[in-house]
file query.cif (mmCIF, C-alpha atoms and all ligand atoms)
data_upload
#
loop_
_atom_site.label_atom_id
_atom_site.label_comp_id
_atom_site.auth_asym_id
_atom_site.auth_seq_id
_atom_site.Cartn_x
_atom_site.Cartn_y
_atom_site.Cartn_z
CA MET M 144 -14.48 -1.60 22.20
CA THR M 145 -12.75 -1.96 18.87
CA GLU M 146 -9.01 -2.57 18.79
CA PRO M 147 -7.36 0.84 18.15
CA HIS M 148 -4.61 -0.78 16.06
CA ILE M 149 -5.70 -2.06 12.67
CA LEU M 150 -2.31 -3.71 12.15
CA SER M 151 0.12 -5.17 14.62
CA VAL M 152 3.41 -6.84 13.73
CA GLU M 153 5.21 -8.84 16.40
CA GLY M 154 8.77 -10.07 16.09
CA LEU M 155 8.48 -10.34 12.31
CA THR M 156 11.47 -12.02 10.71
CA ARG M 157 12.28 -12.85 7.08
CA ARG M 158 15.53 -14.48 6.04
CA TYR M 159 16.86 -14.96 2.52
CA GLY M 160 19.59 -17.56 2.93
CA GLY M 161 22.12 -15.86 5.18
CA VAL M 162 20.56 -12.40 4.78
CA VAL M 163 18.15 -11.35 7.54
CA ALA M 164 16.01 -8.87 5.60
CA VAL M 165 13.59 -8.31 8.51
CA ASP M 166 14.88 -9.08 11.98
CA GLY M 167 12.41 -9.41 14.88
CA LEU M 168 10.43 -6.31 13.87
CA THR M 169 7.61 -5.14 16.15
CA PHE M 170 5.34 -2.15 15.47
CA LYS M 171 1.68 -1.16 15.38
CA VAL M 172 -0.43 0.96 13.06
CA ARG M 173 -3.24 2.93 14.65
CA ARG M 174 -6.57 2.82 12.82
CA GLY M 175 -7.35 5.92 10.73
CA THR M 176 -3.78 7.24 10.57
CA ILE M 177 -1.20 7.72 7.86
CA THR M 178 1.83 5.85 9.15
CA ALA M 179 5.16 5.85 7.31
CA LEU M 180 7.78 3.12 7.40
CA ILE M 181 11.16 4.63 6.57
CA GLY M 182 14.80 3.55 6.64
CA PRO M 183 17.95 3.46 4.50
CA ASN M 184 18.11 1.40 1.30
CA GLY M 185 18.00 -2.32 2.05
CA ALA M 186 16.54 -1.75 5.54
CA GLY M 187 13.79 -4.32 4.85
CA LYS M 188 10.84 -2.00 4.18
CA THR M 189 9.56 -3.69 1.02
CA THR M 190 10.08 -7.15 2.54
CA THR M 191 8.03 -6.06 5.57
CA LEU M 192 5.13 -4.97 3.31
CA ASN M 193 5.45 -8.21 1.33
CA VAL M 194 5.24 -10.41 4.41
CA ILE M 195 2.34 -8.43 5.94
CA SER M 196 0.33 -8.62 2.70
CA GLY M 197 0.94 -12.36 2.25
CA ILE M 198 3.14 -12.06 -0.84
CA THR M 199 6.28 -13.41 0.84
CA PRO M 200 6.29 -16.05 3.60
CA ARG M 201 7.70 -15.08 6.99
CA SER M 202 10.56 -16.88 8.73
CA GLY M 203 9.19 -15.93 12.16
CA GLY M 204 6.91 -13.60 14.08
CA ARG M 205 3.20 -12.82 13.84
CA VAL M 206 0.84 -10.42 12.08
CA PHE M 207 -2.51 -9.27 13.53
CA LEU M 208 -5.30 -7.45 11.69
CA SER M 209 -7.68 -5.63 14.05
CA GLY M 210 -6.41 -7.85 16.84
CA GLU M 211 -7.07 -11.10 14.95
CA ASP M 212 -4.21 -13.38 14.02
CA ALA M 213 -3.56 -13.03 10.28
CA THR M 214 -0.17 -14.76 10.22
CA ASP M 215 0.45 -17.00 7.19
CA LEU M 216 -2.77 -16.04 5.39
CA ARG M 217 -2.52 -16.00 1.58
CA ALA M 218 -2.51 -12.67 -0.26
CA ASP M 219 -6.14 -13.17 -1.41
CA GLN M 220 -7.26 -13.96 2.14
CA ILE M 221 -5.49 -10.85 3.47
CA CYS M 222 -7.18 -8.89 0.71
CA ARG M 223 -10.61 -10.18 1.78
CA ARG M 224 -9.82 -9.03 5.30
CA GLY M 225 -9.67 -5.48 4.00
CA MET M 226 -6.01 -4.92 3.21
CA ALA M 227 -5.01 -3.60 -0.22
CA ARG M 228 -1.58 -3.01 -1.68
CA THR M 229 0.00 -0.82 -4.34
CA PHE M 230 3.36 -1.65 -5.88
CA GLN M 231 6.41 0.35 -6.93
CA THR M 232 5.55 -0.64 -10.50
CA PRO M 233 1.77 -0.25 -11.02
CA GLN M 234 0.00 -3.46 -12.05
CA VAL M 235 -2.22 -2.48 -14.99
CA PHE M 236 -3.52 -3.75 -18.35
CA ARG M 237 -2.03 -1.16 -20.67
CA SER M 238 -4.40 -1.64 -23.62
CA LEU M 239 -7.58 -1.34 -21.53
CA THR M 240 -9.07 2.04 -20.69
CA VAL M 241 -8.56 3.53 -17.27
CA ARG M 242 -12.18 2.71 -16.34
CA GLU M 243 -11.89 -0.85 -17.70
CA ASN M 244 -8.80 -1.42 -15.57
CA LEU M 245 -10.78 -0.53 -12.46
CA VAL M 246 -13.78 -2.63 -13.53
CA VAL M 247 -11.59 -5.68 -14.20
CA ALA M 248 -9.90 -5.29 -10.82
CA THR M 249 -13.21 -5.05 -8.94
CA MET M 250 -14.80 -7.90 -10.92
CA ARG M 251 -12.04 -10.21 -9.80
CA LEU M 252 -13.14 -9.48 -6.24
CA GLY M 253 -16.82 -10.04 -7.13
CA THR M 254 -19.04 -13.09 -7.20
CA THR M 255 -19.34 -13.47 -10.98
CA SER M 256 -18.84 -17.04 -12.22
CA ILE M 257 -17.11 -17.90 -15.50
CA ALA M 258 -20.45 -19.19 -16.90
CA ALA M 259 -22.24 -15.95 -16.07
CA ALA M 260 -19.41 -14.00 -17.68
CA ALA M 261 -19.52 -16.15 -20.85
CA PHE M 262 -23.28 -15.73 -21.33
CA ARG M 263 -23.31 -12.10 -20.15
CA THR M 264 -26.41 -12.68 -18.06
CA ALA M 265 -28.71 -9.80 -17.16
CA ARG M 266 -27.44 -9.98 -13.62
CA LEU M 267 -23.86 -9.65 -14.80
CA ARG M 268 -24.68 -6.68 -17.03
CA LYS M 269 -26.29 -4.99 -14.05
CA GLU M 270 -23.29 -5.80 -11.91
CA GLU M 271 -20.96 -4.39 -14.57
CA GLU M 272 -22.96 -1.18 -14.68
CA GLY M 273 -22.48 -0.86 -10.93
CA PHE M 274 -18.74 -1.47 -11.27
CA ARG M 275 -18.51 1.21 -13.97
CA ARG M 276 -20.29 3.77 -11.81
CA SER M 277 -18.12 2.91 -8.84
CA ALA M 278 -14.99 3.11 -11.02
CA ASP M 279 -15.96 6.63 -12.15
CA GLU M 280 -16.49 7.74 -8.56
CA TRP M 281 -13.03 6.59 -7.53
CA LEU M 282 -11.44 8.13 -10.62
CA ASP M 283 -13.09 11.40 -9.67
CA TRP M 284 -11.59 11.01 -6.20
CA VAL M 285 -8.04 10.93 -7.57
CA GLY M 286 -8.66 13.63 -10.19
CA LEU M 287 -8.76 11.29 -13.21
CA ALA M 288 -12.46 11.43 -14.16
CA HIS M 289 -11.55 13.12 -17.47
CA CYS M 290 -9.25 10.19 -18.38
CA ALA M 291 -11.76 7.35 -17.81
CA ASP M 292 -12.09 6.45 -21.53
CA ARG M 293 -8.40 6.67 -22.43
CA PRO M 294 -6.19 3.58 -22.70
CA ILE M 295 -4.24 3.49 -19.45
CA GLY M 296 -1.05 3.05 -21.53
CA SER M 297 -1.50 6.62 -22.82
CA LEU M 298 -1.40 8.24 -19.38
CA SER M 299 1.63 9.88 -17.79
CA PHE M 300 3.57 7.97 -15.13
CA GLY M 301 2.02 10.06 -12.36
CA GLN M 302 -1.50 9.55 -13.72
CA VAL M 303 -0.99 5.77 -13.84
CA ARG M 304 0.13 5.93 -10.22
CA MET M 305 -3.11 7.75 -9.31
CA ALA M 306 -5.16 5.24 -11.34
CA GLU M 307 -3.50 2.52 -9.28
CA VAL M 308 -4.65 4.30 -6.11
CA ALA M 309 -8.20 4.49 -7.53
CA ARG M 310 -8.06 0.77 -8.37
CA VAL M 311 -7.09 -0.06 -4.82
CA LEU M 312 -9.80 2.23 -3.40
CA ALA M 313 -12.42 0.49 -5.57
CA SER M 314 -11.79 -2.68 -3.56
CA LYS M 315 -13.05 -0.74 -0.49
CA PRO M 316 -10.11 -1.54 1.77
CA ASP M 317 -9.80 -0.69 5.48
CA ILE M 318 -6.03 -0.29 5.13
CA ILE M 319 -3.83 0.44 2.13
CA LEU M 320 -0.14 -0.46 1.97
CA MET M 321 1.91 1.64 -0.47
CA ASP M 322 5.51 1.09 -1.49
CA GLU M 323 7.19 4.38 -2.47
CA PRO M 324 4.08 6.04 -3.92
CA ALA M 325 5.89 9.36 -4.51
CA SER M 326 8.88 7.92 -6.39
CA GLY M 327 9.13 9.21 -9.95
CA LEU M 328 6.40 11.82 -9.43
CA SER M 329 6.83 15.49 -10.30
CA ARG M 330 6.50 18.10 -7.57
CA ALA M 331 2.90 18.86 -8.63
CA GLU M 332 2.00 15.15 -8.78
CA THR M 333 3.49 14.66 -5.31
CA GLN M 334 1.21 17.45 -4.03
CA THR M 335 -1.78 15.71 -5.63
CA LEU M 336 -0.76 12.41 -4.06
CA ARG M 337 -0.50 14.09 -0.68
CA SER M 338 -4.00 15.57 -0.87
CA VAL M 339 -5.42 12.23 -2.06
CA LEU M 340 -3.76 10.45 0.88
CA LEU M 341 -5.19 12.98 3.33
CA ARG M 342 -8.60 12.47 1.74
CA ILE M 343 -8.24 8.69 2.08
CA ARG M 344 -7.32 9.10 5.74
CA ASP M 345 -10.28 11.45 6.30
CA ALA M 346 -12.51 8.70 4.86
CA ALA M 347 -11.32 6.50 7.77
CA ILE M 348 -9.07 4.34 5.59
CA THR M 349 -5.70 3.66 7.23
CA VAL M 350 -2.54 4.15 5.15
CA LEU M 351 0.84 2.48 5.74
CA LEU M 352 3.41 3.83 3.31
CA VAL M 353 7.06 3.19 2.62
CA GLU M 354 8.72 6.30 1.24
CA HIS M 355 12.13 7.83 0.50
CA ASN M 356 10.94 11.39 -0.08
CA MET M 357 11.48 12.82 3.41
CA PRO M 358 9.75 16.20 2.94
CA PHE M 359 6.73 14.23 1.65
CA VAL M 360 6.81 11.79 4.59
CA MET M 361 7.23 14.50 7.18
CA SER M 362 4.37 16.61 5.80
CA THR M 363 1.97 13.71 5.20
CA ALA M 364 2.40 11.03 7.87
CA GLU M 365 1.39 11.55 11.47
CA HIS M 366 3.38 8.61 12.76
CA VAL M 367 6.75 7.37 11.51
CA VAL M 368 8.40 4.01 12.17
CA VAL M 369 12.11 3.76 11.35
CA LEU M 370 13.83 0.55 10.30
CA ASP M 371 17.55 -0.05 10.01
CA LYS M 372 19.16 -3.33 8.90
CA GLY M 373 15.83 -5.13 9.31
CA ARG M 374 15.37 -3.94 12.87
CA PHE M 375 13.12 -1.44 14.60
CA LEU M 376 15.15 1.72 15.26
CA ALA M 377 12.70 4.40 16.39
CA GLU M 378 9.12 5.65 16.13
CA GLY M 379 7.32 8.89 16.80
CA ASP M 380 5.72 11.90 15.16
CA PRO M 381 7.63 13.54 12.28
CA ALA M 382 9.20 16.23 14.48
CA ALA M 383 10.51 13.71 17.01
CA ILE M 384 11.90 11.47 14.26
CA GLN M 385 13.68 14.36 12.54
CA ALA M 386 15.32 15.27 15.85
CA ASP M 387 16.29 11.67 16.74
CA ALA M 388 20.07 11.17 16.85
CA ALA M 389 19.94 7.42 16.11
CA VAL M 390 17.79 8.07 13.03
CA ARG M 391 20.15 10.76 11.77
CA ASN M 392 23.09 8.41 12.27
CA ALA M 393 21.42 5.56 10.37
CA TYR M 394 20.89 7.84 7.36
CA LEU M 395 24.21 9.67 7.51
CA GLY M 396 26.12 6.41 7.93
CA ARG M 397 24.83 5.26 4.52
CA GLY M 398 25.20 8.61 2.75
N1 LIG R 401 13.92 -11.91 -2.98
C1 LIG R 401 15.05 -11.67 -2.30
N2 LIG R 401 16.08 -12.54 -2.30
C2 LIG R 401 17.20 -12.31 -1.61
N3 LIG R 401 17.41 -11.20 -0.86
C3 LIG R 401 16.43 -10.29 -0.82
C4 LIG R 401 15.19 -10.46 -1.52
N4 LIG R 401 14.42 -9.39 -1.29
C5 LIG R 401 15.12 -8.58 -0.47
N5 LIG R 401 16.33 -9.11 -0.20
C6 LIG R 401 17.35 -8.51 0.67
O1 LIG R 401 16.75 -8.13 1.88
C7 LIG R 401 17.23 -6.87 2.32
C8 LIG R 401 16.07 -5.91 2.47
O2 LIG R 401 15.53 -5.60 1.19
P1 LIG R 401 14.24 -4.70 0.98
O3 LIG R 401 13.15 -5.22 1.83
O4 LIG R 401 14.01 -4.63 -0.48
O5 LIG R 401 14.75 -3.29 1.54
P2 LIG R 401 14.15 -1.82 1.32
O6 LIG R 401 12.82 -1.93 0.71
O7 LIG R 401 14.14 -1.22 2.70
O8 LIG R 401 15.14 -1.09 0.45
C9 LIG R 401 18.28 -6.44 1.32
O9 LIG R 401 19.54 -6.83 1.80
C10 LIG R 401 17.90 -7.21 0.08
O10 LIG R 401 19.02 -7.45 -0.72
MG MG R 402 12.02 -1.18 -1.11
#

call {"tool": "encode", "arguments": {"input": "query.cif", "output": "structure tokens"}}
result
Amino acid sequence: MTEPHILSVEGLTRRYGGVVAVDGLTFKVRRGTITALIGPNGAGKTTTLNVISGITPRSGGRVFLSGEDATDLRADQICRRGMARTFQTPQVFRSLTVRENLVVATMRLGTTSIAAAAFRTARLRKEEEGFRRSADEWLDWVGLAHCADRPIGSLSFGQVRMAEVARVLASKPDIILMDEPASGLSRAETQTLRSVLLRIRDAAITVLLVEHNMPFVMSTAEHVVVLDKGRFLAEGDPAAIQADAAVRNAYLGRG
């Protein structure tokens, strides 16, 4: 039987000098769900994503991917184990087209050697063609097929955010971590993001997102984990979390 939890975090701790950003945090993410990690500003949400994805070292605790110990793996090793990550500020090459951005991102994951790239071997050209087709499919997925040939720098903020999602999907992840994907989006763009996330989930890709936009979280995630001051505070479905007195207090206490 496969492990029902794609991600499991046990006693995760991250200190910055005297600041305990994440403090003995334990939670699990069930495979095939959209799970949200919420909490007041400074609760340790971004740090948690950074430690899980191998960007920041932990001070203590363990991380498991599909039941296998993935503690202290490097970001590229985590990536090869099927975890992808989007950032609050999308990581793109502004002068390249939208399609080229996706191709470059997938090529870095590929097997192409520098020599093959320099001589543009027949095999490489064939591989590139495959990357381009795959890029177009993912752009279609996020509603950006019509923008494939435009420089990514010419897109709106919301479109760049969706291109970032397409880029991450092109790496064929099993789980995607997103830090505040709805921040800075218009109401219409937030709706688009929501339907894309549901589509990702329906394609059996797990999503763990950090988000401030509560109406968005409550209408999109099926499971919510709440953090306060680096610690686990509560978890449950959106209705239970909205009714939870400790959760309300944590938010009200910080305005
Ligand atoms: N690189 C860092 N150096 C020092 N302190 C940090 C660093 N990153 C985060 N912190 C601190 O850790 C705490 C949690 O931050 P963060 O994970 O960004 O919270 P959140 O994403 O929930 O707003 C905050 O007190 C923050 O100031
Ligand atoms: Mg943050």

call {"tool": "residues_around", "arguments": {"input": "query.cif", "residues": "M:Ile348", "least_positions_apart": "6", "cutoff": "6 Å", "atoms": "all atoms listed in the file", "output": "list in words"}}
result
Gly175, Asp317 and Ile318 of chain M

call {"tool": "closest_residue", "arguments": {"input": "query.cif", "among": "M:Thr232, M:Gln302, M:Ser338, M:Ser297", "to": "ligand MG 402 (chain R)", "atoms": "all atoms listed in the file"}}
result
M:Thr232

call {"tool": "residues_near_ligand", "arguments": {"input": "query.cif", "ligand": "ligand LIG 401 (chain R)", "cutoff": "6 Å", "atoms": "all atoms listed in the file", "output": "mmCIF file with C-alpha atoms, in the frame of the given file"}}
result
data_model
loop_
_atom_site.group_PDB
_atom_site.id
_atom_site.type_symbol
_atom_site.label_atom_id
_atom_site.label_comp_id
_atom_site.auth_asym_id
_atom_site.auth_seq_id
_atom_site.Cartn_x
_atom_site.Cartn_y
_atom_site.Cartn_z
ATOM 1 C CA TYR M 159 16.860 -14.960 2.520
ATOM 2 C CA ALA M 164 16.010 -8.870 5.600
ATOM 3 C CA ASN M 184 18.110 1.400 1.300
ATOM 4 C CA GLY M 185 18.000 -2.320 2.050
ATOM 5 C CA ALA M 186 16.540 -1.750 5.540
ATOM 6 C CA GLY M 187 13.790 -4.320 4.850
ATOM 7 C CA LYS M 188 10.840 -2.000 4.180
ATOM 8 C CA THR M 189 9.560 -3.690 1.020
ATOM 9 C CA THR M 190 10.080 -7.150 2.540
#

call {"tool": "closest_residue", "arguments": {"input": "query.cif", "among": "M:His355, M:Arg242, M:Arg201, M:Arg293", "to": "ligand MG 402 (chain R)", "atoms": "all atoms listed in the file"}}
result
M:His355

call {"tool": "atom_distance", "arguments": {"input": "query.cif", "atom1": "atom CA of M:Glu243", "atom2": "atom CA of M:Arg266"}}
result
18.5 Å

call {"tool": "atom_distance", "arguments": {"input": "query.cif", "atom1": "atom CA of M:Gly154", "atom2": "atom CA of M:Val353"}}
result
19.0 Å

call {"tool": "closest_residue", "arguments": {"input": "query.cif", "among": "M:Asn193, M:Thr349, M:Asn392, M:Thr264", "to": "ligand MG 402 (chain R)", "atoms": "all atoms listed in the file"}}
result
M:Asn193

call {"tool": "atom_distance", "arguments": {"input": "query.cif", "atom1": "atom CA of M:Val165", "atom2": "atom CA of M:Ala227"}}
result
21.1 Å

call {"tool": "closest_residue", "arguments": {"input": "query.cif", "among": "M:Ser209, M:Ser326, M:Gln220, M:Ser196", "to": "ligand MG 402 (chain R)", "atoms": "all atoms listed in the file"}}
result
M:Ser326

call {"tool": "closest_residue", "arguments": {"input": "query.cif", "among": "M:Arg223, M:Arg342, M:His366, M:Arg228", "to": "M:Trp281", "atoms": "only C-alpha atoms"}}
result
M:Arg342

call {"tool": "closest_residue", "arguments": {"input": "query.cif", "among": "M:Pro381, M:Gly182, M:Gly203, M:Gly286", "to": "M:Glu332", "atoms": "all atoms listed in the file"}}
result
M:Gly286

call {"tool": "residues_near_point", "arguments": {"input": "query.cif", "point": "(5.9, -11.7, 11.9)", "cutoff": "10 Å", "atoms": "all atoms listed in the file", "output": "list in words"}}
result
Ser151, Val152, Glu153, Gly154, Leu155, Thr156, Arg157, Val165, Asp166, Gly167, Leu168, Thr169, Thr191, Val194, Ile195, Pro200, Arg201, Ser202, Gly203, Gly204, Arg205, Val206, Phe207, Ala213, Thr214 and Asp215 of chain M

call {"tool": "residues_near_point", "arguments": {"input": "query.cif", "point": "(-2.3, 14.8, -6.8)", "cutoff": "12 Å", "atoms": "only C-alpha atoms", "output": "PyMOL selection string"}}
result
chain M and resi 282-287+301-306+308-309+324-325+328-342

call {"tool": "residues_around", "arguments": {"input": "query.cif", "residues": "M:Thr178", "least_positions_apart": "5", "cutoff": "10 Å", "atoms": "only C-alpha atoms", "output": "PDB file with C-alpha atoms, in the coordinates of the input"}}
result
ATOM      1  CA  LYS M 171       1.680  -1.160  15.380  1.00  0.00           C
ATOM      2  CA  VAL M 172      -0.430   0.960  13.060  1.00  0.00           C
ATOM      3  CA  ARG M 173      -3.240   2.930  14.650  1.00  0.00           C
ATOM      4  CA  LEU M 320      -0.140  -0.460   1.970  1.00  0.00           C
ATOM      5  CA  THR M 349      -5.700   3.660   7.230  1.00  0.00           C
ATOM      6  CA  VAL M 350      -2.540   4.150   5.150  1.00  0.00           C
ATOM      7  CA  LEU M 351       0.840   2.480   5.740  1.00  0.00           C
ATOM      8  CA  LEU M 352       3.410   3.830   3.310  1.00  0.00           C
ATOM      9  CA  VAL M 353       7.060   3.190   2.620  1.00  0.00           C
ATOM     10  CA  VAL M 360       6.810  11.790   4.590  1.00  0.00           C
ATOM     11  CA  THR M 363       1.970  13.710   5.200  1.00  0.00           C
ATOM     12  CA  ALA M 364       2.400  11.030   7.870  1.00  0.00           C
ATOM     13  CA  GLU M 365       1.390  11.550  11.470  1.00  0.00           C
ATOM     14  CA  HIS M 366       3.380   8.610  12.760  1.00  0.00           C
ATOM     15  CA  VAL M 367       6.750   7.370  11.510  1.00  0.00           C
ATOM     16  CA  VAL M 368       8.400   4.010  12.170  1.00  0.00           C
ATOM     17  CA  GLY M 379       7.320   8.890  16.800  1.00  0.00           C
ATOM     18  CA  ASP M 380       5.720  11.900  15.160  1.00  0.00           C
TER      19      ASP M 380
END

call {"tool": "build_atoms", "arguments": {"input": "query.cif", "residues": "stretch 345-365 of chain M", "atoms": "N, CA and C atoms", "output": "tab-separated table (two decimals), keeping the file's coordinate frame"}}
result
chain	number	residue	atom	x	y	z
M	345	ASP	N	-9.07	10.82	5.78
M	345	ASP	CA	-10.28	11.45	6.30
M	345	ASP	C	-11.51	10.58	6.06
M	346	ALA	N	-11.41	9.63	5.11
M	346	ALA	CA	-12.51	8.70	4.86
M	346	ALA	C	-12.36	7.46	5.75
M	347	ALA	N	-11.51	7.57	6.78
M	347	ALA	CA	-11.32	6.50	7.77
M	347	ALA	C	-10.64	5.26	7.20
M	348	ILE	N	-9.88	5.44	6.12
M	348	ILE	CA	-9.07	4.34	5.59
M	348	ILE	C	-7.64	4.57	6.07
M	349	THR	N	-7.06	3.55	6.69
M	349	THR	CA	-5.70	3.66	7.23
M	349	THR	C	-4.68	3.51	6.09
M	350	VAL	N	-3.59	4.25	6.17
M	350	VAL	CA	-2.54	4.15	5.15
M	350	VAL	C	-1.21	3.82	5.83
M	351	LEU	N	-0.54	2.77	5.31
M	351	LEU	CA	0.84	2.48	5.74
M	351	LEU	C	1.70	2.63	4.50
M	352	LEU	N	2.61	3.62	4.51
M	352	LEU	CA	3.41	3.83	3.31
M	352	LEU	C	4.89	3.76	3.60
M	353	VAL	N	5.60	3.20	2.62
M	353	VAL	CA	7.06	3.19	2.62
M	353	VAL	C	7.47	4.31	1.69
M	354	GLU	N	8.38	5.18	2.11
M	354	GLU	CA	8.72	6.30	1.24
M	354	GLU	C	10.11	6.85	1.51
M	355	HIS	N	10.79	7.25	0.43
M	355	HIS	CA	12.13	7.83	0.50
M	355	HIS	C	12.10	9.35	0.58
M	356	ASN	N	11.05	9.93	0.00
M	356	ASN	CA	10.94	11.39	-0.08
M	356	ASN	C	10.61	11.95	1.30
M	357	MET	N	11.66	12.42	2.02
M	357	MET	CA	11.48	12.82	3.41
M	357	MET	C	10.57	14.03	3.59
M	358	PRO	N	10.70	15.10	2.77
M	358	PRO	CA	9.75	16.20	2.94
M	358	PRO	C	8.30	15.72	2.79
M	359	PHE	N	8.08	14.79	1.86
M	359	PHE	CA	6.73	14.23	1.65
M	359	PHE	C	6.28	13.45	2.89
M	360	VAL	N	7.16	12.58	3.40
M	360	VAL	CA	6.81	11.79	4.59
M	360	VAL	C	6.48	12.69	5.76
M	361	MET	N	7.37	13.68	5.99
M	361	MET	CA	7.23	14.50	7.18
M	361	MET	C	6.01	15.43	7.12
M	362	SER	N	5.54	15.74	5.90
M	362	SER	CA	4.37	16.61	5.80
M	362	SER	C	3.07	15.81	5.63
M	363	THR	N	3.17	14.50	5.47
M	363	THR	CA	1.97	13.71	5.20
M	363	THR	C	1.64	12.73	6.33
M	364	ALA	N	2.66	12.05	6.85
M	364	ALA	CA	2.40	11.03	7.87
M	364	ALA	C	2.27	11.66	9.25
M	365	GLU	N	1.45	11.06	10.09
M	365	GLU	CA	1.39	11.55	11.47
M	365	GLU	C	2.22	10.69	12.40
